[in-house]
Every structure is written in structure tokens, then in C-alpha cells.
Amino acid sequence: MRKIRSAFLTLSFILLCLPLNAQQSANSVDSQINELIDKMSIYEKIGQMTQLNITMINTTGQQRDVVLDPDKAINLIRNHHIGSFLNGEAVPAEVWFTYMDQLTRIAMEESAHGIPIIYGIDHMHGASYLAGSTIFPQNINLGATFNIQHSYQTGWVTAYETADLGHHWNFAPVQDLGVNPLWPRIWETYGEDPYLASKMGRAYVEGYQGNEEIYPYKLAATAKHFFAYSNPASGWDRTPVQIGYQALHEFHRPPFQAVIDAGIKTVMLNSGEINGIPVHASEEFVNGFLRDQMGFDGVIVTDWDDIGKLVDFHKVAENYKEAVYLAVKAGIDINMTPLSLDFNKSLLELVEEGRISEERINESVRRVLKLKFDLGLFDNPFPRNDRLDRIGTEESRLKALAAAEESIVLLKNENQVLPTIDVQNIILFGPSANSKRNLNGGWTLAWQGGEEGQYPDDMHTIYTALHEQYPNASIELIEHVSFDEANRREFISQLDNADLLIYAGGEEPYTEFIGNITDLRLDQNQIDEINYLSQSSTELVLIIVAGRPRIVTDIIQNVDAFLFAGLPGFEGAEAIVNVLSGKTNPSGRLPITYPQHTGHFVTYNHKSSDVYFFNPDEANHIAQGSESTALFQFGDGLSYTTYEYSNLTLSANQINPNDTLTASVEVTNTGDVAGFHSVLWFITNRVGTYTRPVKELKHFEKIHLNPGETKTVTFEINPRATLTYPDQNGNPLLESGEFVVRIDSLSSTFRLNK
Ligand code: BGC
């Protein structure tokens with residue numbers, strides 16, 4: 001009894017002390033920050049607001065070079081007080097360790113007040129700038145898994161493999177919405193849906209910032225690129241966006257809000273303009289939306305030279321100094337400058353002239369120092385190399401493989417041509433058939449994706465993975481089809497003798513504006529090749545390995561099976577081949593709408609009048625998703641088994657705002673193979689003051705079902721959380737009326753009373 005009592009007292013004491021300790025340590029950090037700020041000169045403070053590229057401190061000035069030139073670093077840190085650097089390429093861990101160790105030592109010795117530097121990097125799908133690391137699928141594929149575990153693991157493993165190397169700050173996750181299929185960064189997003197992006201982004205942040213195995217280190221993630229960056233009218237990167245405020249609040253804000261609520265430490269701004277105002281020059285978007293309305297109190301960083309772009313591209317400032325004035329007034333904390341000291345010089349002048357107050361500078365410096373304290377950089381600034389065996393483990397590779405497998409979307413499978421179990425003779429075609437880089441896309445080993453030879457020897461291409469999967473089959477690789485008329489007959493009969501033809505096409509890697517295109521159709525040469533091959537009587541499987549849904553409408557009838565593989569990463573080839581062979585039952589579902597036409601595109605959650613026909617019945621028919629202008633719809637994805645949905649029930653058919661309604665449905669695996677299956681719940685708000693999307697994803701979960709097994713899945717509808725939408729000022733509207741719950745082809749309605 002005494003023991004229990006004393007344990008109880010100890011516990012109460014700990015509980016009482018906890019908030020006090022947290023409070024005390026916050027106070028002590030605040031007072032240390034204040035002390036530092038009191039001691040720092042203006043120029044020193046401006047240094048904390050500056051982030052310079054690696055090319056300013058490496059030996060060659062080339063991006064690839066991760067070898068420090070100490071003199072350059074000493075000059076920038078001793079004389080210009082630079083507080084942050086960024087970038088690099090995939091070099092071995094020991095090279096990163098040596099570089100970061102030297103750089104940190106210089107910072108600790110040369111910085112006037114012993115302020116550590118913070119290093120930023122783009123480890124976008126795993127530690128993509130580290131040789132030997134684990135590379136997960138890109139975000140568009142993670143979206144297709146509809147399984148937040150994979151996003152969590154991507155964040156977790158990235159932290160695990162990089163924290164020791166001094167990579168304190170990762171410019172991920174991308175919280176933009178992939179709503180414009182031309183946009184060359186759509187593969188960096190989790191897809192077009194704000195709820196999916198919110199859940200995936202949140203899981204990433206929890207995995208990355210919440211990884212406790214990296215002790216004593218802590219890391220900062222970045223939500224980027226705030227916001228509405230992804231919906232330019234032209235489809236080209238960094239071009240203008242025109243958008244209403246209601247849509248900003250309803251669609252583009254939630255994915256950022258979700259990660260802010262999850263405690264993300266930094267936000268990077270959109271390089272482009274919204275409604276005529278570049279985001280970097282907008283007090284309304286930065287201070288108004290992000291800080292005041294959304295409650296973000298962490299560090300806001302510009303994107304690459306975006307202050308310069310206010311002069312060169314947006315032309316809202318006459319010169320660089322005026323651009324600095326606009327951006328600092330708008331509310332940025334750190335400028336990814338990244339190639340000169342003009343920012344430091346200009347900002348110093350602005351303060352000396354009294355145009356920017358020292359108090360304004362202190363606000364940003366306080367946030368930057370707070371970030372450095374929060375990450376423990378003052379106590380543990382140095383990298384370590386005694387546990388580099390954490391990098392590229394088999395356990396991590398299996399996590400990447402599982403993510404890749406669940407991300408492959410089977411969209412057509414005529415006469416069950418797949419899976420292909422007994423094949424003796426396969427002919428494989430197409431530009432992605434034997435390519436490692438195409439499976440990964442940009443931000444892999446290098447900005448635009450590494451050269452083919454840089455990829456690990458043991459990484460599979462589709463060709464080598466097929467060999468491994470079918471060791472006794474003959475697998476012929478024909479990367480370019482010859483259209484030679486003289487040999488046509490002979491060639492087609494060679495194809496006719498094969499058991500299966502596979503065409504792996506799509507896109508080569510690109511990142512940002514380098515990937516701008518004017519035509520979303522699949523490259524004409526690939527279309528011609530596929531058409532040519534389809535003359536054979538042998539079944540033809542098309543695999544699209546691409547960052548965007550390239551239009552395949554002209555050829556889809558000519559292929560027997562179609563897989564959208566997206567950018568599945570290092571384990572992608574194995575995942576694709578596992579799906580082809582049936583070792584993996586596919587479970588990916590499209591996180592985007594797959595366009596049918598070059599001239600018409602709407603996302604799945606479009607407005608009813610987006611598909612306006614004179615006859616509203618016809619329009620409604622299309623709008624409700626029973627038919628569509630898309631080739632494939634958001635959520636489409638086949639399996640080697642069949643799932644049947646039954647008994648959709650709602651716990652009530654009338655509710656009040658404070659009630660909770662439970663929807664439940666039974667899902668049965670009616671086929672004869674086991675499978676993972678993502679269950680997607682949609683809601684339609686029939687009538688709204690602001691026109692409502694035809695349907696919206698509101699809940700999803702991934703389940704596993706053995707053949708014949710039935711599971712009941714549920715969805716709790718809490719009106720304030722689930723049915724509210726914002727007005728044009730971001731105020732929540734909860735309107736009474738009829739709502740439809742939709743799952744698979746079932747639906748049921750209820751009424752919200754007020
Ligand atoms: C991209 C960002 C990236 C930054 C640093 C920019 O060009 O837009 O997404 O984080 O470069 O590499």
C-alpha cells in the first residue's frame with residue numbers, strides 16, 4: 001500500500017513538474033535568445049536571415065561538389081555572419097559527414113556568438129541527395145497508396161538516414177495540390193484532393209519531425225510552396241494563378257493548415273503570383289493568411305532567389321533593394337538568396353535608412369534562433385559518423401518496396417491478361433524498359449534526376465526485374481521499334497510468337513520549369529510505336545512511368561492492360577514486375593483525375609456546372625461521376641480480386657450540428673486472391689450558398705481482405721469537422737440541408753438540421 005502511495009505521489013509530482021519544466025525551459029530559451037539579440041549587430045542579425053547555396057562554399061563552385069573550401073566558408077561566416085546554407089547532390093555519407101563537420105566547426109569558431117548554422121536540403125522522396133540511401137516513390141505514388149503509413153515511413157526513414165549527417169532541415173513535404181495535369185511538379189504532390197494531401201502531409205511530418213531514434217538530433221520539415229502555386233492557368237511552372245478567395249480557403253489552405261497543426265517548423269513560399277500579387281511581396285498572404293489566420297509561428301523561407309524574381313520576372317520592384325523591402329515587409333524570415341550577398345547589403349541599407357525597423361529584423365531573427373534552439377543545434381551542432389550503417393538497410397528498402405507496390409495503379413485489364421503467370425517469351429519495349437532514372441524522376445541524386453550511371457548497380461530496371469521474376473523465360477529488350485516496311489511482316493510474326501508484349505513508356509525526368517510542356521499527349525513516337533505493336537495478335541501491356549498523366553486516349557483501345565506506375569522510386573521496377581506477375585495484387589488508386597482530352601479537364605471535385613450542358617439532367621449524370629469527361633477517374637484502380645460493397649447504413653437520417661453520425665458499410669472480397677483495398681468515403685453537399693463540389697473525399701482507410709472475407713468499415717461524420725466549408729473570408733459555414741454519403745456505387749442521404 002505504502003509503495004503504491006509513494007508511486008502515486010511521485011507520479012503526481014512528475015505530472016505537476018512537467019508543465020513547469022517545459023515552461024522553464026521555454027523561458028530560458030527566450031532569455032538566451034534575447035541575450036543573443038541584444039549582443040548582435042544588425043549585420044549579424046541579417047546574416048541569420050540569409051541562406052546561401054553550397055556553390056558559394058565548395059571548391060569548384062559546381063553544384064555536384066560537396067567538398068568544402070574553408071576559406072570561402074570562413075569569409076562568409078566571419079565577415080557576413082551567414083546563418084544557413086543549402087543544397088548538394090548524392091555523395092556518400094562519409095563525404096557529407098566531412099563536409100558538415102568542417103562547416104559546423106567553422107561556424108562555431110567564426111560566428112561572433114557561437115551561433116550554429118542550419119543546413120537545408122531537398123531530400124524529396126527519401127534521402128535523395130545521399131548516395132546509398134533508401135529511395136521511396138515520389139509523392140504522387142504515395143497518394144495512390146491511400147495509405148498514410150507509407151508517407152509516415154518516407155518521413156521517418158529520411159530522418160533516420162540523414163539526421164547524423166547534419167542535414168537539419170528538409171524542404172519537404174510538398175503540400176500543393178496536383179490540380180493541373182500539365183504542371184511539371186504534379187508528381188511532387190500527393191494528388192488533387194485536399195483531404196488526401198492533408199493526411200499524407202501530416203503523416204510525413206509526424207514521421208520526419210517525430211522520429212525519436214535520431215536522438216540527440218531533431219529535424220525541421222518544410223511545407224511548400226505556400227500556396228496555390230500548383231494551379232497556373234498556363235500549366236507552366238511559376239506562372240500566374242488567378243483564383244477566388246473562397247477556393248483558396250477551401251482547397252489550397254487545408255493541406256498547409258494540416259501540417260501547421262501537426263507542428264511543422266518551417267514554410268516555403270510560392271514563387272509565383274496570385275491574382276496579380278507575387279506571394280513574396282504580399283503582406284496579405286504571408287502575414288495575413290499564413291501568420292494571422294492560419295497561426296503559423298515558425299520560420300518562413302523564400303524559394304530560390306524569389307526576391308530577385310520580384311525584379312526580373314514579376315516586375316513589382318525597380319531594383320533588388322526595393323524587392324528586399326517588399327519581401328521583408330510581407331513577412332519572410334529567411335531569404336534563400338542564394339548566390340550573392342546583395343540581400344545582406346540591401347537589407348542593411350534599408351535598416352540604416354529607417355525604412356525597415358530593427359524590431360522587424362529582430363522578429364525574424366528570434367524565429368530563426370528559436371528554430372536553432374528547438375532543434376538542439378546549440379547543444380549538438382556536430383554531425384556524427386558512428387552509426388552510418390543506418391543508411392540503406394534492408395528493413396528500410398522493404399518499406400520503400402511496400403510503398404511502391406501499393407502505388408501501382410492498374411487501370412485496364414481486358415480478359416484478365418494480367419497477372420501473367422506462365423510466360424516463356426516476353427518482348428519488352430519502350431524508353432522506360434531499361435531505365436533507372438525514369439522510374440525516379442527529378443529530385444533524385446541530382447536536381448534533374450541523376451545520370452543513368454549514378455544509380456546503384458543493384459537497382460532494378462523493369463528489364464532486369466523481369467529477368468529475376470521469370471528466370472526461365474526468354475525476355476527480349478527492344479528499346480526502339482523500327483518501322484522498316486521491308487521487315488514489317490517478319491517483325492509482326494516475331495511478335496505473334498511471343499507470349500506477352502510489354503511497352504514501358506512515359507517521360508524522362510525533369511524538375512520545375514525544365515518540365516514545362518505544351519501538349520499533354522504522350523509523345524508521338526511512343527504512340528506510333530504502341531500502335532505498331534498492337535497489330536500483333538499477342539497481348540500488349542502498357543506501363544506509363546511518368547510524373548504526369550500523359551494522355552493515352554488514342555491508344556488505350558489498342559492495349560490489353562494499362563498500368564499507371566507514376567514515379568515509383570528505387571524499388572519501382574520490382575514493384576511493377578510483382579504486379580505483372582501477380583506476386584503483388586495491385587491496390588493503387590488514382591490520386592488524380594486522368595484526362596481524356598487535351599482541351600477539357602476538371603478535377604473530380606469540380607463544380608456541377610463545370611460540365612454544363614443545356615439539359616441539367618445530362619449535366620448531373622456526368623457530374624455525379626457515373627460518367628465523366630476523364631479517361632479514368634480519381635480513385636480508379638483495379639485489383640486481381642473483386643470487392644463488393646453492401647449494407648451501407650447511416651446511424652441516423654437527421655442530425656444536428658453537435659451530433660455524430662456513423663456511416664458503415666460491409667466490404668467483401670468476392671474473388672479468389674487476398675488484397676489490400678483502399679476504402680474511399682465521399683460526401684456531396686447537395687445545396688450550398690457557395691457552389692459545392694459534386695463530391696468530396698472525406699475519409700479513407702486501407703484494409704486487407706482474404707478471399708471470401710467481409711469487413712465492416714465505418715466513417716464518423718462530425719458535422720463541424722466534416723461538413724463545414726469556408727466562405728470567402730475563411731469563416732466556417734455549416735449549412736442545413738441534404739447530404740449524400742457515397743462509397744463505391746452505394747449512396748445514402750441524411751439531413752443536417754440547425
Ligand atoms: C524549388 C524548391 C526547392 C528549392 C531548393 C526551388 O527551385 O522550387 O522546391 O526546395 O529550389 O532547392
# chains A, B, ... in the order shown; residues from 1 in each chain; ligands from 1

$ residues_near_ligand --ligand "ligand 1" --cutoff "6 Å" --atoms "only C-alpha atoms and all ligand atoms" --output "PDB file with all heavy atoms, in the first residue's frame"
ATOM      1  N   ASP A 122      17.030  19.224 -50.186  1.00  0.00           N
ATOM      2  CA  ASP A 122      15.819  18.659 -50.794  1.00  0.00           C
ATOM      3  C   ASP A 122      15.883  17.130 -50.803  1.00  0.00           C
ATOM      4  O   ASP A 122      16.145  16.516 -51.834  1.00  0.00           O
ATOM      5  CB  ASP A 122      15.676  19.149 -52.239  1.00  0.00           C
ATOM      6  CG  ASP A 122      15.441  20.633 -52.333  1.00  0.00           C
ATOM      7  OD1 ASP A 122      14.322  21.072 -52.078  1.00  0.00           O
ATOM      8  OD2 ASP A 122      16.402  21.374 -52.676  1.00  0.00           O
ATOM      9  N   PHE A 171      13.434  20.306 -47.192  1.00  0.00           N
ATOM     10  CA  PHE A 171      12.411  21.073 -47.903  1.00  0.00           C
ATOM     11  C   PHE A 171      11.309  20.147 -48.415  1.00  0.00           C
ATOM     12  O   PHE A 171      11.062  20.032 -49.619  1.00  0.00           O
ATOM     13  CB  PHE A 171      13.038  21.868 -49.041  1.00  0.00           C
ATOM     14  CG  PHE A 171      14.099  22.839 -48.581  1.00  0.00           C
ATOM     15  CD1 PHE A 171      15.302  22.954 -49.268  1.00  0.00           C
ATOM     16  CD2 PHE A 171      13.904  23.632 -47.464  1.00  0.00           C
ATOM     17  CE1 PHE A 171      16.282  23.841 -48.846  1.00  0.00           C
ATOM     18  CE2 PHE A 171      14.874  24.523 -47.026  1.00  0.00           C
ATOM     19  CZ  PHE A 171      16.065  24.622 -47.720  1.00  0.00           C
ATOM     20  N   ASP A 303      11.486  30.887 -51.635  1.00  0.00           N
ATOM     21  CA  ASP A 303      12.028  29.882 -52.540  1.00  0.00           C
ATOM     22  C   ASP A 303      13.223  30.521 -53.259  1.00  0.00           C
ATOM     23  O   ASP A 303      13.540  31.696 -53.086  1.00  0.00           O
ATOM     24  CB  ASP A 303      10.946  29.364 -53.505  1.00  0.00           C
ATOM     25  CG  ASP A 303      11.323  28.012 -54.112  1.00  0.00           C
ATOM     26  OD1 ASP A 303      12.483  27.595 -53.969  1.00  0.00           O
ATOM     27  OD2 ASP A 303      10.463  27.380 -54.750  1.00  0.00           O
ATOM     28  N   TRP A 304      13.862  29.740 -54.079  1.00  0.00           N
ATOM     29  CA  TRP A 304      15.139  30.067 -54.735  1.00  0.00           C
ATOM     30  C   TRP A 304      15.128  31.447 -55.430  1.00  0.00           C
ATOM     31  O   TRP A 304      14.409  31.647 -56.395  1.00  0.00           O
ATOM     32  CB  TRP A 304      15.422  28.967 -55.752  1.00  0.00           C
ATOM     33  CG  TRP A 304      16.716  29.055 -56.478  1.00  0.00           C
ATOM     34  CD1 TRP A 304      16.954  29.755 -57.630  1.00  0.00           C
ATOM     35  CD2 TRP A 304      17.938  28.431 -56.122  1.00  0.00           C
ATOM     36  NE1 TRP A 304      18.247  29.584 -58.013  1.00  0.00           N
ATOM     37  CE2 TRP A 304      18.886  28.769 -57.103  1.00  0.00           C
ATOM     38  CE3 TRP A 304      18.335  27.608 -55.056  1.00  0.00           C
ATOM     39  CZ2 TRP A 304      20.203  28.313 -57.065  1.00  0.00           C
ATOM     40  CZ3 TRP A 304      19.647  27.151 -55.024  1.00  0.00           C
ATOM     41  CH2 TRP A 304      20.564  27.513 -56.027  1.00  0.00           C
TER      42      TRP A 304
END

$ residues_around --residues "Thr50 in chain A" --least-positions-apart "4" --cutoff "6 Å" --atoms "only C-alpha atoms" --output "JSON, numbers by chain"
{"A": [82, 334, 335]}

$ residues_around --residues "Ala73 in chain A" --least-positions-apart "2" --cutoff "9 Å" --atoms "only C-alpha atoms" --output "list in words"
Met56, Ile57, Asn58, Leu68, Asp69, Pro70, Asp71, Asn75, Leu76, Ile77, Arg78, Leu103, Ile106 and Ala107 of chain A

$ residues_around --residues "Asn669 in chain A" --least-positions-apart "6" --cutoff "6 Å" --atoms "only C-alpha atoms" --output "number ranges by chain"
A: 642-643, 705, 707-709

$ write_last_selection --atoms "all heavy atoms" --output "PDB file, in the first residue's frame"
ATOM      1  N   THR A 642     -12.090  -9.083 -56.663  1.00  0.00           N
ATOM      2  CA  THR A 642     -13.211  -8.148 -56.761  1.00  0.00           C
ATOM      3  C   THR A 642     -13.719  -7.855 -55.357  1.00  0.00           C
ATOM      4  O   THR A 642     -13.671  -8.722 -54.477  1.00  0.00           O
ATOM      5  CB  THR A 642     -14.365  -8.749 -57.590  1.00  0.00           C
ATOM      6  OG1 THR A 642     -14.531 -10.111 -57.180  1.00  0.00           O
ATOM      7  CG2 THR A 642     -14.092  -8.680 -59.066  1.00  0.00           C
ATOM      8  N   TYR A 643     -14.160  -6.640 -55.171  1.00  0.00           N
ATOM      9  CA  TYR A 643     -14.696  -6.241 -53.872  1.00  0.00           C
ATOM     10  C   TYR A 643     -16.153  -5.844 -54.050  1.00  0.00           C
ATOM     11  O   TYR A 643     -16.484  -5.135 -55.005  1.00  0.00           O
ATOM     12  CB  TYR A 643     -13.903  -5.061 -53.297  1.00  0.00           C
ATOM     13  CG  TYR A 643     -12.446  -5.389 -53.095  1.00  0.00           C
ATOM     14  CD1 TYR A 643     -11.484  -4.916 -53.990  1.00  0.00           C
ATOM     15  CD2 TYR A 643     -12.035  -6.193 -52.036  1.00  0.00           C
ATOM     16  CE1 TYR A 643     -10.146  -5.232 -53.829  1.00  0.00           C
ATOM     17  CE2 TYR A 643     -10.693  -6.514 -51.862  1.00  0.00           C
ATOM     18  CZ  TYR A 643      -9.746  -6.029 -52.764  1.00  0.00           C
ATOM     19  OH  TYR A 643      -8.433  -6.353 -52.594  1.00  0.00           O
ATOM     20  N   LEU A 705      -8.160  -7.848 -47.132  1.00  0.00           N
ATOM     21  CA  LEU A 705      -9.237  -8.843 -47.134  1.00  0.00           C
ATOM     22  C   LEU A 705      -8.761 -10.134 -47.804  1.00  0.00           C
ATOM     23  O   LEU A 705      -8.253 -10.108 -48.929  1.00  0.00           O
ATOM     24  CB  LEU A 705     -10.448  -8.313 -47.901  1.00  0.00           C
ATOM     25  CG  LEU A 705     -11.284  -7.202 -47.254  1.00  0.00           C
ATOM     26  CD1 LEU A 705     -12.323  -6.688 -48.234  1.00  0.00           C
ATOM     27  CD2 LEU A 705     -11.959  -7.691 -45.972  1.00  0.00           C
ATOM     28  N   PRO A 707      -9.695 -13.881 -49.471  1.00  0.00           N
ATOM     29  CA  PRO A 707     -10.830 -14.281 -50.302  1.00  0.00           C
ATOM     30  C   PRO A 707     -12.018 -14.673 -49.426  1.00  0.00           C
ATOM     31  O   PRO A 707     -11.851 -15.390 -48.431  1.00  0.00           O
ATOM     32  CB  PRO A 707     -10.299 -15.494 -51.078  1.00  0.00           C
ATOM     33  CG  PRO A 707      -8.824 -15.326 -51.067  1.00  0.00           C
ATOM     34  CD  PRO A 707      -8.471 -14.612 -49.804  1.00  0.00           C
ATOM     35  N   GLY A 708     -13.186 -14.170 -49.762  1.00  0.00           N
ATOM     36  CA  GLY A 708     -14.398 -14.506 -49.016  1.00  0.00           C
ATOM     37  C   GLY A 708     -14.588 -13.702 -47.740  1.00  0.00           C
ATOM     38  O   GLY A 708     -15.658 -13.737 -47.132  1.00  0.00           O
ATOM     39  N   GLU A 709     -13.571 -12.974 -47.331  1.00  0.00           N
ATOM     40  CA  GLU A 709     -13.672 -12.245 -46.057  1.00  0.00           C
ATOM     41  C   GLU A 709     -14.494 -10.958 -46.212  1.00  0.00           C
ATOM     42  O   GLU A 709     -14.434 -10.282 -47.238  1.00  0.00           O
ATOM     43  CB  GLU A 709     -12.256 -11.895 -45.580  1.00  0.00           C
ATOM     44  CG  GLU A 709     -12.229 -11.300 -44.183  1.00  0.00           C
ATOM     45  CD  GLU A 709     -10.805 -10.962 -43.723  1.00  0.00           C
ATOM     46  OE1 GLU A 709      -9.826 -11.278 -44.447  1.00  0.00           O
ATOM     47  OE2 GLU A 709     -10.698 -10.350 -42.649  1.00  0.00           O
TER      48      GLU A 709
END

$ closest_residue --among "A:Gln246, A:Thr684, A:Ser537, A:Ser346" --to "Leu326 in chain A" --atoms "only C-alpha atoms"
A:Ser346

$ closest_residue --among "A:Lys45, A:His150, A:Arg488, A:Lys199" --to "His80 in chain A" --atoms "only C-alpha atoms"
A:Lys45

$ atom_distance --atom1 "CA of Thr104 in chain A" --atom2 "CA of Ala22 in chain A"
28.2 Å

$ residues_around --residues "range 540-546 of chain A" --least-positions-apart "2" --cutoff "9 Å" --atoms "only C-alpha atoms" --output "ChimeraX atom specification"
/A:187,413,417-418,432,438-441,500-509,530,533-534,536-538,548-550,556,558-568,576

$ residues_around --residues "Ile140 in chain A" --least-positions-apart "5" --cutoff "10 Å" --atoms "only C-alpha atoms" --output "list of chain:residue names"
A:Thr145, A:Gly178, A:Arg185, A:Ile186, A:Trp187, A:Glu188, A:Thr189, A:Tyr190, A:Gly191, A:Glu192, A:Ala197, A:Ser407, A:Gly547, A:Arg548, A:Ala565, A:Gly566, A:Leu567, A:Pro568, A:Leu590, A:Pro591, A:Ile592

$ closest_residue --among "A:Ile391, A:Met124, A:Ala221, A:Ala473" --to "Leu165 in chain A" --atoms "only C-alpha atoms"
A:Ile391

$ closest_residue --among "A:Phe513, A:Lys329, A:Ile475, A:Ser28" --to "Leu347 in chain A" --atoms "only C-alpha atoms"
A:Lys329

$ atom_distance --atom1 "CA of Thr722 in chain A" --atom2 "CA of Lys754 in chain A"
15.4 Å

$ atom_distance --atom1 "CA of Pro255 in chain A" --atom2 "CA of Pro194 in chain A"
5.8 Å

$ select_by_dssp --residues "range 91-254 of chain A" --states "strand (DSSP E)" --output "mmCIF file with N, CA, C and O atoms, in the first residue's frame"
data_model
loop_
_atom_site.group_PDB
_atom_site.id
_atom_site.type_symbol
_atom_site.label_atom_id
_atom_site.label_comp_id
_atom_site.auth_asym_id
_atom_site.auth_seq_id
_atom_site.Cartn_x
_atom_site.Cartn_y
_atom_site.Cartn_z
ATOM 1 N N ILE A 118 22.258 26.344 -39.800
ATOM 2 C CA ILE A 118 21.240 25.339 -40.106
ATOM 3 C C ILE A 118 21.349 25.034 -41.590
ATOM 4 O O ILE A 118 21.421 25.949 -42.413
ATOM 5 N N TYR A 119 21.403 23.718 -41.915
ATOM 6 C CA TYR A 119 21.622 23.310 -43.302
ATOM 7 C C TYR A 119 20.333 22.771 -43.904
ATOM 8 O O TYR A 119 19.692 21.882 -43.338
ATOM 9 N N GLY A 120 19.939 23.311 -45.057
ATOM 10 C CA GLY A 120 18.695 22.907 -45.721
ATOM 11 C C GLY A 120 18.973 22.080 -46.972
ATOM 12 O O GLY A 120 19.974 22.288 -47.658
ATOM 13 N N ILE A 121 18.095 21.146 -47.271
ATOM 14 C CA ILE A 121 18.334 20.251 -48.409
ATOM 15 C C ILE A 121 17.006 19.701 -48.931
ATOM 16 O O ILE A 121 16.001 19.713 -48.221
ATOM 17 N N TRP A 169 17.427 20.311 -41.981
ATOM 18 C CA TRP A 169 16.213 20.980 -42.436
ATOM 19 C C TRP A 169 15.882 20.472 -43.833
ATOM 20 O O TRP A 169 16.668 20.654 -44.761
ATOM 21 N N ASN A 170 14.747 19.812 -43.966
ATOM 22 C CA ASN A 170 14.398 19.217 -45.254
ATOM 23 C C ASN A 170 13.255 19.989 -45.912
ATOM 24 O O ASN A 170 12.236 20.242 -45.275
ATOM 25 N N ALA A 220 13.786 19.683 -38.889
ATOM 26 C CA ALA A 220 12.676 20.554 -39.291
ATOM 27 C C ALA A 220 12.220 20.206 -40.700
ATOM 28 O O ALA A 220 13.035 20.117 -41.622
ATOM 29 N N ALA A 221 10.923 20.020 -40.874
ATOM 30 C CA ALA A 221 10.346 19.820 -42.209
ATOM 31 C C ALA A 221 9.848 21.165 -42.735
ATOM 32 O O ALA A 221 9.738 22.145 -41.983
ATOM 33 N N THR A 222 9.555 21.206 -44.026
ATOM 34 C CA THR A 222 9.073 22.442 -44.668
ATOM 35 C C THR A 222 7.821 22.144 -45.473
ATOM 36 O O THR A 222 7.839 21.274 -46.354
ATOM 37 N N ALA A 223 6.770 22.888 -45.224
ATOM 38 C CA ALA A 223 5.578 22.780 -46.077
ATOM 39 C C ALA A 223 5.781 23.742 -47.239
ATOM 40 O O ALA A 223 6.033 24.929 -47.033
ATOM 41 N N LYS A 224 5.697 23.223 -48.450
ATOM 42 C CA LYS A 224 5.932 24.123 -49.568
ATOM 43 C C LYS A 224 4.944 23.805 -50.678
ATOM 44 O O LYS A 224 4.392 22.707 -50.712
ATOM 45 N N HIS A 225 4.636 24.726 -51.557
ATOM 46 C CA HIS A 225 5.108 26.100 -51.655
ATOM 47 C C HIS A 225 3.872 26.953 -51.429
ATOM 48 O O HIS A 225 3.004 26.967 -52.308
ATOM 49 N N PHE A 226 3.806 27.619 -50.293
ATOM 50 C CA PHE A 226 2.589 28.286 -49.836
ATOM 51 C C PHE A 226 2.232 29.472 -50.745
ATOM 52 O O PHE A 226 2.989 30.410 -50.805
#

$ closest_residue --among "A:Ile356, A:Ile264, A:Ala327, A:Val673" --to "Ala281 in chain A" --atoms "only C-alpha atoms"
A:Ala327
